[in-house]
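A.B. asks: Below: one structure in structure tokens.
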Amino acid sequence: MERNLQIPSATLLIDRPAVAKAFEVGVGNKAIFKLGATIDPTLTAIEAEGYVRSLHTGEFRCEGPAYRGMVQQLGRTAVIRFGMMDVLVTENIVCPGDPQIYRSFGIDPTLYGLVDVKARTSFRMAYTKFT
């Protein structure tokens, strides 16, 4: 965000206070969000104005191959847009290597120039079709 890249991008962040604020602000509204450093306070948080695109219960079903058919629970979930970046903000930590973690909340990885997948190796087969 600091570099104001003009590339549509998406990332995932576990941040309960940011989710709570998004639900308080409501869909279609803007607010200043503090993001990051809630799980590990030694990290640096950032503040930025974001637009709440959508709010969800956080349930989605994996498409595989690793966890095909398994239902995951992210807790309350919000999609917040910061410039050209959509941030999927969740209350709970789950395995993020399945494309459905984005698709189920209105973020189609094929429409973004950059998609952050925080997984060691389990994402490789699921995301191969996008490369």
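Identifiers in the structure tokens: chain A, B, ... in order shown; residue index from 1 per chain; ligand index from 1 in order shown.
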Please return as a list in words: the residues of chain A that backbone DSSP assigns to alpha helix (DSSP H).
C.D. replies: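 Going through chain A, the alpha helix (DSSP H) residues come out as Arg16, Pro17, Ala18, Val19, Ala20, Lys21, Ala22, Phe23, Glu24, Val25, Gln100, Ile101, Tyr102, Arg103, Phe123, Arg124, Met125, Ala126 and Tyr127 of chain A.
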A.B. asks: Which residues are close to Pro17 of chain A, i.e. within 9 Å by only C-alpha atoms, leaving aside same-chain residues fewer than 6 positions away? Reply as a PyMOL selection string.
C.D. replies: chain A and resi 34-35+38+91
A.B. asks: Those residues you just picked out, can you put them in a file as a CSV table (one decimal), in the first residue's frame with C-alpha atoms?
C.D. replies:
chain,number,residue,atom,x,y,z
A,34,LYS,CA,-5.4,-0.4,11.9
A,35,LEU,CA,-4.1,-3.6,10.4
A,38,THR,CA,-2.6,-8.2,16.7
A,91,GLU,CA,-11.1,-13.8,12.9
A.B. asks: Residues at most 12 Å from Gly28 of chain A, counting only C-alpha atoms, excluding those fewer than 5 positions away in the same chain, as an MDAnalysis selection string?
C.D. replies: chainID A and resid 22:23 50:55 78:81
A.B. asks: How about saving the chosen residues, C-alpha atoms kept, as a PDB file, in the first residue's frame?
C.D. replies:
ATOM      1  CA  ALA A  22     -15.670  -3.535   9.460  1.00  0.00           C
ATOM      2  CA  PHE A  23     -18.869  -5.000  10.912  1.00  0.00           C
ATOM      3  CA  GLY A  50     -10.430   1.249   3.603  1.00  0.00           C
ATOM      4  CA  TYR A  51     -13.781   0.627   1.937  1.00  0.00           C
ATOM      5  CA  VAL A  52     -15.837  -2.281   3.305  1.00  0.00           C
ATOM      6  CA  ARG A  53     -16.817  -4.329   0.235  1.00  0.00           C
ATOM      7  CA  SER A  54     -18.540  -7.234   1.980  1.00  0.00           C
ATOM      8  CA  LEU A  55     -19.153  -9.004   5.298  1.00  0.00           C
ATOM      9  CA  ALA A  78     -14.677  -8.896   5.867  1.00  0.00           C
ATOM     10  CA  VAL A  79     -13.355  -7.866   2.473  1.00  0.00           C
ATOM     11  CA  ILE A  80     -11.857  -4.389   2.770  1.00  0.00           C
ATOM     12  CA  ARG A  81     -10.460  -2.506  -0.231  1.00  0.00           C
TER      13      ARG A  81
END
A.B. asks: Set the distance at 7 Å and use only C-alpha atoms: which residues neighbour Ile7 of chain A once local chain neighbours fewer than 2 positions away are removed? I'd like the list as a ChimeraX atom specification.
C.D. replies: /A:5,9,84,113
A.B. asks: Given the choices A:Ala48, A:Ala37, A:Ala18, A:Val25, which gets closest to Met85 of chain A if the distance is worked out from only C-alpha atoms?
C.D. replies: A:Ala48
